[in-house]
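Heads up: the structure comes next, in structure tokens.
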Amino acid sequence: MIAGEDNSVEVGVGPWVGEWPVDPRYDPELLAQGDRRNVVDRYRYWRREAVVADLDTHRHDFHVAIENWQHDLNIGTVVRNANAFLAAEVHIVGLRKWNRRGAMVTDRYQHVRHHPTIEEFIWWAAAEDLPVIGIDNLPGSRPMETTRLPRRCVLLFGQEGPGLSEHARAACSQLFSIAQYGSTRSINAGVASGIAMHAWIRAHAEPPPG
């Protein structure tokens, strides 16, 4: 980050200094104007398509899904978390339209798939032989802190408020809750998704590059 004269902070780097690289992954426009995107340093000045292609070579084995029946504002955060933890794919179940502001443009680098109904999502998961793991503080849910999530799976989250729908609960091979110690009965799906994804990372992932 670069601090300006007015103490404002600019993200990223300015125009490339010196002879330009010949690697086709680099974007001439970014080299000329600077790269102010919120990307890690190894992807500075790279074309978006090149970044996605590189991420695709080492995505993790878990997917993330969230129900979207009421335009849940947490979906953007779920997508941003999925990008941070390099999920294979994010699945939006229900309404196609979702609020992208919370994703902070990370949806440009994260594969997102839409399923109009929970039944279609279940069919897809079954065809891919991926167990659906529900994350919700429902009666009968097991504490996530006492288990190890499967390497290949889909982590499924419900709407803010009602949580997982009845059809979604029935589709889950396992249900896990996240331990809470305060007065509130639930945490939102954005926060819950980050906790669950990190639990998967701790169980199965290597340290990040660099």
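Residues are referred to by chain and number: the chain letter is A, B, ... according to the order shown in the structure tokens, the number counts from 1 in that chain, and ligands are numbered separately from 1 in the order shown.
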Report task. Pick out each residue of stretch 100-167 of chain A that DSSP on the backbone tags as strand (DSSP E); I need them as a VMD selection string. Result -> chain A and resid 112 to 115 132 to 135 142 to 143 153 to 157
Write out the residues from the selection above, keeping N, CA and C atoms, as a short mmCIF file (atom, residue, chain, number, x, y, z; two decimals), in the first residue's frame.
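Now in out22.cif:
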```
data_model
loop_
_atom_site.label_atom_id
_atom_site.label_comp_id
_atom_site.auth_asym_id
_atom_site.auth_seq_id
_atom_site.Cartn_x
_atom_site.Cartn_y
_atom_site.Cartn_z
N VAL A 112 -18.43 -19.60 -9.49
CA VAL A 112 -19.74 -19.54 -8.83
C VAL A 112 -20.76 -20.20 -9.75
N ARG A 113 -21.49 -21.17 -9.23
CA ARG A 113 -22.50 -21.91 -9.99
C ARG A 113 -23.88 -21.69 -9.36
N HIS A 114 -24.90 -21.63 -10.20
CA HIS A 114 -26.26 -21.41 -9.72
C HIS A 114 -27.09 -22.68 -9.89
N HIS A 115 -27.88 -23.02 -8.87
CA HIS A 115 -28.84 -24.12 -8.91
C HIS A 115 -30.21 -23.53 -8.55
N VAL A 132 -22.89 -33.83 1.27
CA VAL A 132 -23.34 -32.49 1.65
C VAL A 132 -23.29 -32.38 3.16
N ILE A 133 -22.51 -31.44 3.64
CA ILE A 133 -22.32 -31.24 5.08
C ILE A 133 -23.03 -29.95 5.49
N GLY A 134 -24.10 -30.07 6.25
CA GLY A 134 -24.84 -28.89 6.69
C GLY A 134 -24.19 -28.25 7.91
N ILE A 135 -24.11 -26.91 7.89
CA ILE A 135 -23.58 -26.17 9.03
C ILE A 135 -24.70 -25.30 9.58
N ARG A 142 -24.01 -32.07 15.45
CA ARG A 142 -22.84 -32.39 16.27
C ARG A 142 -21.88 -31.20 16.30
N PRO A 143 -21.17 -31.00 17.39
CA PRO A 143 -20.20 -29.89 17.46
C PRO A 143 -19.10 -30.07 16.42
N CYS A 153 -16.09 -32.62 -0.04
CA CYS A 153 -17.42 -32.36 0.50
C CYS A 153 -17.95 -31.03 -0.02
N VAL A 154 -19.24 -30.79 0.27
CA VAL A 154 -19.85 -29.48 0.07
C VAL A 154 -20.33 -28.99 1.42
N LEU A 155 -19.89 -27.82 1.83
CA LEU A 155 -20.35 -27.20 3.07
C LEU A 155 -21.57 -26.35 2.72
N LEU A 156 -22.72 -26.69 3.30
CA LEU A 156 -23.98 -26.04 2.95
C LEU A 156 -24.46 -25.16 4.10
N PHE A 157 -24.81 -23.91 3.76
CA PHE A 157 -25.28 -22.93 4.73
C PHE A 157 -26.66 -22.45 4.34
#
```
**Report entry** Residues of stretch 86-202 of chain A in helix (DSSP H, G or I), written as a PyMOL selection string
**Finding:** chain A and resi 101-103+106-108+118-127+144-146+166-171+189-202
Report task. Excluding A:Ala125 and any residue of its chain fewer than 3 positions from it, enumerate the residues within 12 Å of it, using only C-alpha atoms, and give them as a PyMOL selection string. Result -> chain A and resi 62-65+89+91+115+118-122+128-133+152-156+171-173
Query raised in the report: Which of these, A:Val22, A:Val13, A:Ala170, A:Ile195, has the shortest distance to A:Tyr43 once you count only C-alpha atoms?
Result: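 Selected residue with least distance to A:Tyr43: A:Val13.
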Query - Counting only C-alpha atoms, the residue of A:Ala126, A:Val93, A:Ala84, A:Val51 that sits nearest A:Ile201 - result: A:Ala84
Report task. Can you work out which one of A:Pro116, A:Gly94, A:Pro209, A:Pro15 has the shortest atom-to-atom distance to A:Leu31, counting only C-alpha atoms? Result ->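 Result for the nearest residue to A:Leu31: A:Pro15.
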